[in-house]
>>> print(open('start-v1.cif').read())   # mmCIF, C-alpha atoms and all ligand atoms
data_entry
loop_
_atom_site.label_atom_id
_atom_site.label_comp_id
_atom_site.auth_asym_id
_atom_site.auth_seq_id
_atom_site.Cartn_x
_atom_site.Cartn_y
_atom_site.Cartn_z
CA MET A 1334 15.77 -61.97 -37.03
CA PRO A 1335 17.81 -62.92 -34.00
CA GLN A 1336 16.68 -65.80 -31.90
CA ARG A 1337 14.69 -64.95 -28.89
CA ASP A 1338 14.78 -66.15 -25.36
CA GLU A 1339 11.14 -66.78 -24.50
CA THR A 1340 11.62 -66.02 -20.83
CA ASP A 1341 13.05 -62.65 -21.63
CA LYS A 1342 10.61 -59.74 -21.50
CA ARG A 1343 12.44 -57.55 -23.94
CA LEU A 1344 11.17 -54.02 -23.86
CA TRP A 1345 12.34 -53.24 -27.33
CA TYR A 1346 10.22 -55.97 -28.93
CA HIS A 1347 7.20 -54.56 -27.21
CA GLY A 1348 7.79 -51.16 -28.70
CA ARG A 1349 8.53 -49.34 -25.49
CA MET A 1350 12.05 -48.42 -26.46
CA ASP A 1351 12.86 -46.41 -29.56
CA ALA A 1352 15.79 -48.64 -30.50
CA PRO A 1353 17.35 -51.92 -29.47
CA ARG A 1354 20.29 -51.78 -27.12
CA PHE A 1355 23.26 -54.02 -27.69
CA ILE A 1356 26.11 -55.69 -25.90
CA ALA A 1357 29.13 -56.78 -27.91
CA ASP A 1358 31.52 -59.41 -26.71
CA LYS A 1359 35.23 -59.04 -27.32
CA THR A 1360 35.06 -60.74 -30.73
CA VAL A 1361 33.30 -57.67 -32.17
CA GLY A 1362 34.80 -54.69 -30.32
CA ARG A 1363 35.17 -52.51 -33.40
CA LEU A 1364 31.53 -53.05 -34.25
CA ALA A 1365 30.59 -51.68 -30.82
CA LYS A 1366 32.49 -48.49 -31.63
CA TRP A 1367 30.69 -48.06 -34.93
CA LEU A 1368 27.27 -48.56 -33.40
CA ARG A 1369 28.04 -45.93 -30.76
CA LEU A 1370 29.16 -43.46 -33.41
CA LEU A 1371 25.82 -43.96 -35.12
CA GLY A 1372 24.11 -43.25 -31.81
CA TYR A 1373 23.19 -46.76 -30.70
CA ASP A 1374 23.81 -47.88 -27.16
CA CYS A 1375 26.28 -50.76 -27.27
CA ALA A 1376 28.00 -52.03 -24.15
CA LEU A 1377 31.17 -54.04 -24.48
CA GLN A 1378 32.13 -57.10 -22.49
CA LYS A 1379 35.90 -57.29 -22.85
CA GLU A 1380 36.51 -60.22 -20.57
CA ASP A 1381 35.84 -63.67 -21.82
CA ASP A 1382 33.18 -64.23 -19.19
CA VAL A 1383 30.08 -65.70 -20.76
CA GLU A 1384 28.03 -65.70 -17.58
CA ARG A 1385 28.64 -62.00 -17.03
CA LEU A 1386 27.86 -61.28 -20.65
CA PHE A 1387 24.55 -63.13 -20.42
CA ALA A 1388 23.69 -61.53 -17.08
CA GLN A 1389 24.28 -57.99 -18.32
CA ALA A 1390 22.32 -58.71 -21.50
CA ARG A 1391 19.35 -59.88 -19.45
CA ASP A 1392 19.56 -57.22 -16.74
CA GLU A 1393 19.80 -54.35 -19.22
CA SER A 1394 17.67 -55.84 -22.02
CA ARG A 1395 20.51 -55.86 -24.51
CA VAL A 1396 20.88 -57.94 -27.65
CA ILE A 1397 24.18 -59.83 -27.68
CA LEU A 1398 26.39 -59.31 -30.72
CA THR A 1399 29.05 -61.94 -31.24
CA LYS A 1400 31.10 -63.83 -33.76
CA ASN A 1401 31.39 -66.77 -31.44
CA THR A 1402 29.31 -69.49 -33.07
CA ARG A 1403 29.95 -71.93 -30.23
CA ARG A 1404 27.97 -69.77 -27.84
CA HIS A 1405 24.72 -69.57 -29.70
CA THR A 1406 24.23 -73.31 -29.52
CA ARG A 1407 24.18 -73.10 -25.73
CA ARG A 1408 20.82 -73.39 -24.10
CA GLY A 1409 19.33 -70.38 -22.42
CA ILE A 1410 21.36 -67.77 -24.25
CA PRO A 1411 19.61 -64.38 -24.29
CA THR A 1412 18.56 -62.72 -27.54
CA HIS A 1413 21.57 -62.49 -29.78
CA LEU A 1414 22.84 -62.02 -33.30
CA VAL A 1415 25.81 -63.96 -34.67
CA LEU A 1416 27.79 -61.82 -37.10
CA ALA A 1417 28.66 -63.53 -40.36
CA SER A 1418 31.63 -61.44 -41.45
CA SER A 1419 34.91 -60.63 -39.72
CA ASP A 1420 34.91 -57.18 -41.34
CA SER A 1421 33.50 -54.61 -38.95
CA MET A 1422 31.75 -52.60 -41.67
CA GLU A 1423 30.01 -55.69 -42.98
CA GLN A 1424 29.03 -56.58 -39.44
CA LEU A 1425 27.59 -53.10 -39.04
CA ARG A 1426 25.63 -53.55 -42.23
CA GLN A 1427 24.22 -56.85 -40.92
CA VAL A 1428 23.10 -55.22 -37.66
CA ILE A 1429 21.55 -52.26 -39.48
CA ASP A 1430 19.64 -54.58 -41.83
CA THR A 1431 18.54 -57.02 -39.14
CA PHE A 1432 17.18 -54.40 -36.78
CA GLN A 1433 16.18 -51.87 -39.44
CA LEU A 1434 18.27 -49.21 -37.72
CA THR A 1435 18.00 -45.69 -39.02
CA ILE A 1436 21.07 -43.62 -39.68
CA GLY A 1437 20.66 -39.90 -39.32
CA ASP A 1438 22.01 -36.65 -38.01
CA ASP A 1439 19.71 -36.66 -35.01
CA ARG A 1440 21.35 -39.83 -33.71
CA MET A 1441 24.89 -39.65 -34.94
CA LEU A 1442 27.51 -38.65 -32.37
CA THR A 1443 25.08 -38.72 -29.46
CA ILE A 1444 26.94 -41.51 -27.67
CA CYS A 1445 30.61 -41.58 -26.75
CA SER A 1446 32.41 -44.11 -28.95
CA VAL A 1447 34.94 -44.78 -26.22
CA CYS A 1448 32.76 -45.46 -23.19
CA ASN A 1449 29.13 -45.64 -24.42
CA THR A 1450 27.91 -42.65 -22.38
CA PRO A 1451 25.45 -40.11 -23.85
CA VAL A 1452 27.38 -36.96 -24.74
CA GLU A 1453 26.41 -33.42 -23.76
CA PRO A 1454 26.47 -30.29 -25.88
CA LEU A 1455 29.47 -28.03 -25.52
CA THR A 1456 29.56 -24.41 -26.65
CA ALA A 1457 32.28 -23.30 -29.04
CA GLU A 1458 33.74 -21.19 -26.24
CA GLN A 1459 33.95 -24.21 -23.94
CA ALA A 1460 35.57 -26.22 -26.72
CA ARG A 1461 38.37 -23.68 -27.20
CA GLY A 1462 41.58 -25.23 -25.94
CA LEU A 1463 40.06 -28.71 -25.94
CA VAL A 1464 40.28 -29.19 -29.70
CA PRO A 1465 43.07 -28.54 -32.22
CA PRO A 1466 43.17 -24.94 -33.52
CA TYR A 1467 42.25 -25.97 -37.06
CA VAL A 1468 39.13 -27.65 -35.74
CA PHE A 1469 38.20 -24.67 -33.63
CA ALA A 1470 38.61 -22.41 -36.65
CA THR A 1471 36.17 -24.40 -38.76
CA GLN A 1472 33.67 -26.07 -36.42
CA ARG A 1473 30.92 -24.56 -34.32
CA GLU A 1474 29.04 -27.60 -32.99
CA TYR A 1475 30.64 -29.63 -30.26
CA SER A 1476 29.73 -32.17 -27.64
CA ARG A 1477 31.61 -33.78 -24.80
CA CYS A 1478 31.39 -37.04 -22.93
CA PRO A 1479 30.69 -36.32 -19.25
CA ASN A 1480 32.35 -39.61 -18.32
CA CYS A 1481 35.68 -39.72 -20.17
CA GLY A 1482 35.87 -36.11 -21.40
CA ARG A 1483 36.28 -36.89 -25.08
CA VAL A 1484 35.17 -34.01 -27.30
CA TYR A 1485 33.28 -34.56 -30.56
CA TRP A 1486 32.57 -32.23 -33.42
CA ALA A 1487 30.14 -32.95 -36.17
CA GLY A 1488 31.73 -31.91 -39.44
CA THR A 1489 34.58 -34.29 -40.13
CA HIS A 1490 33.45 -37.22 -38.01
CA ARG A 1491 30.04 -37.29 -39.61
CA ALA A 1492 31.37 -36.98 -43.14
CA LYS A 1493 33.89 -39.77 -42.62
CA MET A 1494 31.31 -42.11 -41.16
CA LEU A 1495 28.86 -41.57 -43.98
CA ALA A 1496 31.60 -42.11 -46.54
CA ARG A 1497 32.60 -45.41 -44.94
CA LEU A 1498 29.01 -46.62 -44.79
CA GLN A 1499 28.38 -45.58 -48.35
CA SER A 1500 31.42 -47.41 -49.70
CA SER A 1501 30.62 -50.56 -47.73
CA SER A 1502 27.04 -50.73 -48.98
CA GLU A 1503 28.18 -50.36 -52.58
CA ALA A 1504 30.88 -53.00 -52.27
ZN ZN B 1601 33.28 -41.27 -22.99
#
>>> encode(input="start-v1.cif", output="structure tokens")
Amino acid sequence: MPQRDETDKRLWYHGRMDAPRFIADKTVGRLAKWLRLLGYDCALQKEDDVERLFAQARDESRVILTKNTRRHTRRGIPTHLVLASSDSMEQLRQVIDTFQLTIGDDRMLTICSVCNTPVEPLTAEQARGLVPPYVFATQREYSRCPNCGRVYWAGTHRAKMLARLQSSSEA
């Protein structure tokens, strides 16, 4: 399990949140994207500003995900997990195993992979013109990010994700 900052009253550990929330630093940006696609809230700190990273982690009760081994020896670092691999799929596997995350249709594609905002359902009619014609012809379930406007559809995204996860767990 990740190390724990004793002063930190983490809601998740007390069972009041249904899943841990994460914050990735810039060493694991791709991992953040994968977690979002699976429906887990993962903020991203792109600047190399450790104090801001720690502050946001504490303020929003997020577990820090990093590859930076220098940082976790610092005193007073909030709850964090140091990723062992530089491969983003192996990192994802490590996070899933450590936090016992569930992967399922009810969670997948509920959070925008670009900006970490919960997406909203979109009717097929609303999606017309926003997606390529071949997608519109074959898909009926859509959602859209109210923040950045990105449109998601279940079929192909979901299948691709599951295939990637499957192949990485067998490797
Ligand atoms: Zn978005």
>>> residues_near_ligand(input="start-v1.cif", ligand="ligand ZN 1601 (chain B)", cutoff="7 Å", atoms="all atoms listed in the file", output="PyMOL selection string")
chain A and resi 1445-1450+1478-1483
>>> atom_distance(input="start-v1.cif", atom1="CA of Cys1375 (chain A)", atom2="CA of Asp1438 (chain A)")
18.2 Å
>>> closest_residue(input="start-v1.cif", among="A:Thr1360, A:Thr1399, A:Ser1500, A:Gln1389", to="Val1428 (chain A)", atoms="all atoms listed in the file")
A:Thr1399
>>> residues_around(input="start-v1.cif", residues="region 1429-1436 of chain A", least_positions_apart="3", cutoff="9 Å", atoms="all atoms listed in the file", output="PyMOL selection string")
chain A and resi 1334-1335+1352-1353+1371-1373+1414+1424-1426+1439-1441
>>> atom_distance(input="start-v1.cif", atom1="CA of Met1494 (chain A)", atom2="CA of His1413 (chain A)")
25.3 Å
>>> closest_residue(input="start-v1.cif", among="A:Val1383, A:Met1422, A:Ala1390, A:Ala1357", to="Gln1499 (chain A)", atoms="only C-alpha atoms")
A:Met1422
>>> atom_distance(input="start-v1.cif", atom1="CA of Phe1355 (chain A)", atom2="CA of Tyr1475 (chain A)")
25.6 Å
>>> closest_residue(input="start-v1.cif", among="A:Val1464, A:Leu1416, A:Ala1492, A:Val1452", to="Arg1477 (chain A)", atoms="all atoms listed in the file")
A:Val1452
>>> closest_residue(input="start-v1.cif", among="A:Thr1443, A:Thr1471, A:Ser1476, A:Gln1378", to="Gln1459 (chain A)", atoms="all atoms listed in the file")
A:Ser1476
>>> residues_around(input="start-v1.cif", residues="Gly1488 (chain A)", least_positions_apart="2", cutoff="10 Å", atoms="all atoms listed in the file", output="list in words")
Val1468, Thr1471, Gln1472, Arg1473, Glu1474, Tyr1475, Tyr1485, Trp1486, His1490, Arg1491, Ala1492 and Lys1493 of chain A
>>> closest_residue(input="start-v1.cif", among="A:Pro1411, A:Ala1487, A:Ser1418, A:Leu1398", to="Glu1384 (chain A)", atoms="all atoms listed in the file")
A:Pro1411
>>> closest_residue(input="start-v1.cif", among="A:Ser1421, A:Asp1351, A:Glu1393, A:Lys1400", to="Leu1364 (chain A)", atoms="only C-alpha atoms")
A:Ser1421
>>> residues_near_point(input="start-v1.cif", point="(31.3, -50.8, -44.6)", cutoff="6 Å", atoms="all atoms listed in the file", output="PyMOL selection string")
chain A and resi 1422-1423+1497-1498+1501
>>> decode(input="start-v1.cif", residues="region 1427-1474 of chain A", atoms="N, CA and C atoms", output="mmCIF file, in the first residue's frame")
data_model
loop_
_atom_site.group_PDB
_atom_site.id
_atom_site.type_symbol
_atom_site.label_atom_id
_atom_site.label_comp_id
_atom_site.auth_asym_id
_atom_site.auth_seq_id
_atom_site.Cartn_x
_atom_site.Cartn_y
_atom_site.Cartn_z
ATOM 1 N N GLN A 1427 -0.247 -1.494 -11.928
ATOM 2 C CA GLN A 1427 0.215 -1.310 -10.541
ATOM 3 C C GLN A 1427 -0.819 -0.519 -9.722
ATOM 4 N N VAL A 1428 -1.393 0.513 -10.327
ATOM 5 C CA VAL A 1428 -2.394 1.311 -9.608
ATOM 6 C C VAL A 1428 -3.651 0.481 -9.351
ATOM 7 N N ILE A 1429 -4.079 -0.261 -10.366
ATOM 8 C CA ILE A 1429 -5.273 -1.100 -10.228
ATOM 9 C C ILE A 1429 -5.076 -2.124 -9.105
ATOM 10 N N ASP A 1430 -3.905 -2.759 -9.094
ATOM 11 C CA ASP A 1430 -3.628 -3.778 -8.074
ATOM 12 C C ASP A 1430 -3.521 -3.159 -6.683
ATOM 13 N N THR A 1431 -2.810 -2.045 -6.584
ATOM 14 C CA THR A 1431 -2.584 -1.427 -5.276
ATOM 15 C C THR A 1431 -3.884 -0.975 -4.634
ATOM 16 N N PHE A 1432 -4.739 -0.370 -5.430
ATOM 17 C CA PHE A 1432 -5.967 0.206 -4.867
ATOM 18 C C PHE A 1432 -7.188 -0.672 -5.107
ATOM 19 N N GLN A 1433 -6.947 -1.856 -5.678
ATOM 20 C CA GLN A 1433 -8.051 -2.796 -5.947
ATOM 21 C C GLN A 1433 -9.167 -2.103 -6.734
ATOM 22 N N LEU A 1434 -8.790 -1.392 -7.777
ATOM 23 C CA LEU A 1434 -9.775 -0.671 -8.578
ATOM 24 C C LEU A 1434 -10.581 -1.657 -9.408
ATOM 25 N N THR A 1435 -11.849 -1.373 -9.566
ATOM 26 C CA THR A 1435 -12.673 -2.218 -10.414
ATOM 27 C C THR A 1435 -12.768 -1.596 -11.802
ATOM 28 N N ILE A 1436 -12.822 -2.461 -12.789
ATOM 29 C CA ILE A 1436 -12.932 -1.995 -14.165
ATOM 30 C C ILE A 1436 -14.262 -2.490 -14.692
ATOM 31 N N GLY A 1437 -15.113 -1.569 -15.098
ATOM 32 C CA GLY A 1437 -16.420 -2.017 -15.567
ATOM 33 C C GLY A 1437 -17.115 -0.964 -16.402
ATOM 34 N N ASP A 1438 -18.146 -1.418 -17.086
ATOM 35 C CA ASP A 1438 -18.899 -0.554 -17.982
ATOM 36 C C ASP A 1438 -19.535 0.635 -17.278
ATOM 37 N N ASP A 1439 -19.883 0.452 -15.999
ATOM 38 C CA ASP A 1439 -20.566 1.545 -15.318
ATOM 39 C C ASP A 1439 -19.620 2.718 -15.053
ATOM 40 N N ARG A 1440 -18.333 2.455 -15.063
ATOM 41 C CA ARG A 1440 -17.347 3.501 -14.797
ATOM 42 C C ARG A 1440 -16.660 4.015 -16.054
ATOM 43 N N MET A 1441 -16.411 3.108 -16.954
ATOM 44 C CA MET A 1441 -15.640 3.455 -18.140
ATOM 45 C C MET A 1441 -16.259 4.622 -18.906
ATOM 46 N N LEU A 1442 -15.427 5.511 -19.369
ATOM 47 C CA LEU A 1442 -15.866 6.656 -20.179
ATOM 48 C C LEU A 1442 -16.849 7.565 -19.449
ATOM 49 N N THR A 1443 -16.693 7.690 -18.152
ATOM 50 C CA THR A 1443 -17.526 8.633 -17.404
ATOM 51 C C THR A 1443 -16.776 9.928 -17.117
ATOM 52 N N ILE A 1444 -15.470 9.914 -17.372
ATOM 53 C CA ILE A 1444 -14.646 11.100 -17.124
ATOM 54 C C ILE A 1444 -13.866 11.433 -18.392
ATOM 55 N N CYS A 1445 -13.815 12.712 -18.715
ATOM 56 C CA CYS A 1445 -13.113 13.146 -19.925
ATOM 57 C C CYS A 1445 -11.617 12.865 -19.794
ATOM 58 N N SER A 1446 -11.068 12.168 -20.784
ATOM 59 C CA SER A 1446 -9.645 11.801 -20.711
ATOM 60 C C SER A 1446 -8.743 13.009 -20.939
ATOM 61 N N VAL A 1447 -9.304 14.050 -21.521
ATOM 62 C CA VAL A 1447 -8.498 15.238 -21.811
ATOM 63 C C VAL A 1447 -8.402 16.174 -20.605
ATOM 64 N N CYS A 1448 -9.551 16.405 -19.943
ATOM 65 C CA CYS A 1448 -9.534 17.446 -18.910
ATOM 66 C C CYS A 1448 -10.083 16.996 -17.554
ATOM 67 N N ASN A 1449 -10.363 15.695 -17.406
ATOM 68 C CA ASN A 1449 -10.758 15.142 -16.095
ATOM 69 C C ASN A 1449 -12.087 15.682 -15.567
ATOM 70 N N THR A 1450 -13.010 16.003 -16.465
ATOM 71 C CA THR A 1450 -14.334 16.488 -16.067
ATOM 72 C C THR A 1450 -15.348 15.364 -16.297
ATOM 73 N N PRO A 1451 -16.309 15.168 -15.371
ATOM 74 C CA PRO A 1451 -17.338 14.147 -15.632
ATOM 75 C C PRO A 1451 -18.120 14.474 -16.905
ATOM 76 N N VAL A 1452 -18.304 13.488 -17.756
ATOM 77 C CA VAL A 1452 -19.007 13.724 -19.023
ATOM 78 C C VAL A 1452 -20.514 13.616 -18.816
ATOM 79 N N GLU A 1453 -21.259 14.151 -19.789
ATOM 80 C CA GLU A 1453 -22.715 14.117 -19.719
ATOM 81 C C GLU A 1453 -23.257 13.362 -20.917
ATOM 82 N N PRO A 1454 -24.410 12.678 -20.724
ATOM 83 C CA PRO A 1454 -24.959 11.930 -21.848
ATOM 84 C C PRO A 1454 -25.386 12.853 -22.989
ATOM 85 N N LEU A 1455 -25.276 12.321 -24.182
ATOM 86 C CA LEU A 1455 -25.628 13.073 -25.377
ATOM 87 C C LEU A 1455 -26.529 12.157 -26.204
ATOM 88 N N THR A 1456 -27.633 12.663 -26.697
ATOM 89 C CA THR A 1456 -28.483 11.811 -27.526
ATOM 90 C C THR A 1456 -27.835 11.642 -28.896
ATOM 91 N N ALA A 1457 -28.258 10.601 -29.599
ATOM 92 C CA ALA A 1457 -27.708 10.347 -30.930
ATOM 93 C C ALA A 1457 -27.959 11.561 -31.827
ATOM 94 N N GLU A 1458 -29.136 12.155 -31.678
ATOM 95 C CA GLU A 1458 -29.472 13.321 -32.505
ATOM 96 C C GLU A 1458 -28.513 14.483 -32.245
ATOM 97 N N GLN A 1459 -28.193 14.692 -30.972
ATOM 98 C CA GLN A 1459 -27.245 15.761 -30.613
ATOM 99 C C GLN A 1459 -25.844 15.455 -31.131
ATOM 100 N N ALA A 1460 -25.535 14.162 -31.249
ATOM 101 C CA ALA A 1460 -24.184 13.773 -31.658
ATOM 102 C C ALA A 1460 -23.983 13.898 -33.169
ATOM 103 N N ARG A 1461 -25.090 13.920 -33.902
ATOM 104 C CA ARG A 1461 -25.017 14.047 -35.359
ATOM 105 C C ARG A 1461 -24.222 15.311 -35.704
ATOM 106 N N GLY A 1462 -23.278 15.196 -36.582
ATOM 107 C CA GLY A 1462 -22.487 16.363 -36.958
ATOM 108 C C GLY A 1462 -21.277 16.575 -36.066
ATOM 109 N N LEU A 1463 -21.303 15.964 -34.870
ATOM 110 C CA LEU A 1463 -20.158 16.104 -33.967
ATOM 111 C C LEU A 1463 -19.193 14.928 -34.088
ATOM 112 N N VAL A 1464 -19.681 13.840 -34.689
ATOM 113 C CA VAL A 1464 -18.849 12.648 -34.835
ATOM 114 C C VAL A 1464 -18.753 12.291 -36.318
ATOM 115 N N PRO A 1465 -17.733 11.521 -36.706
ATOM 116 C CA PRO A 1465 -17.613 11.117 -38.110
ATOM 117 C C PRO A 1465 -18.842 10.300 -38.533
ATOM 118 N N PRO A 1466 -19.218 10.394 -39.810
ATOM 119 C CA PRO A 1466 -20.416 9.685 -40.296
ATOM 120 C C PRO A 1466 -20.390 8.192 -40.003
ATOM 121 N N TYR A 1467 -19.231 7.557 -40.129
ATOM 122 C CA TYR A 1467 -19.193 6.103 -39.896
ATOM 123 C C TYR A 1467 -19.488 5.771 -38.441
ATOM 124 N N VAL A 1468 -19.109 6.676 -37.562
ATOM 125 C CA VAL A 1468 -19.425 6.471 -36.140
ATOM 126 C C VAL A 1468 -20.922 6.644 -35.927
ATOM 127 N N PHE A 1469 -21.453 7.711 -36.501
ATOM 128 C CA PHE A 1469 -22.877 7.980 -36.321
ATOM 129 C C PHE A 1469 -23.719 6.827 -36.860
ATOM 130 N N ALA A 1470 -23.249 6.201 -37.913
ATOM 131 C CA ALA A 1470 -24.009 5.104 -38.525
ATOM 132 C C ALA A 1470 -24.039 3.867 -37.642
ATOM 133 N N THR A 1471 -23.034 3.722 -36.768
ATOM 134 C CA THR A 1471 -22.944 2.466 -36.030
ATOM 135 C C THR A 1471 -23.143 2.602 -34.521
ATOM 136 N N GLN A 1472 -23.052 3.807 -33.997
ATOM 137 C CA GLN A 1472 -23.117 3.982 -32.545
ATOM 138 C C GLN A 1472 -24.397 4.696 -32.125
ATOM 139 N N ARG A 1473 -24.920 4.333 -30.967
ATOM 140 C CA ARG A 1473 -26.118 4.996 -30.476
ATOM 141 C C ARG A 1473 -25.912 5.679 -29.112
ATOM 142 N N GLU A 1474 -24.849 5.291 -28.409
ATOM 143 C CA GLU A 1474 -24.619 5.852 -27.077
ATOM 144 C C GLU A 1474 -23.450 6.828 -27.094
#
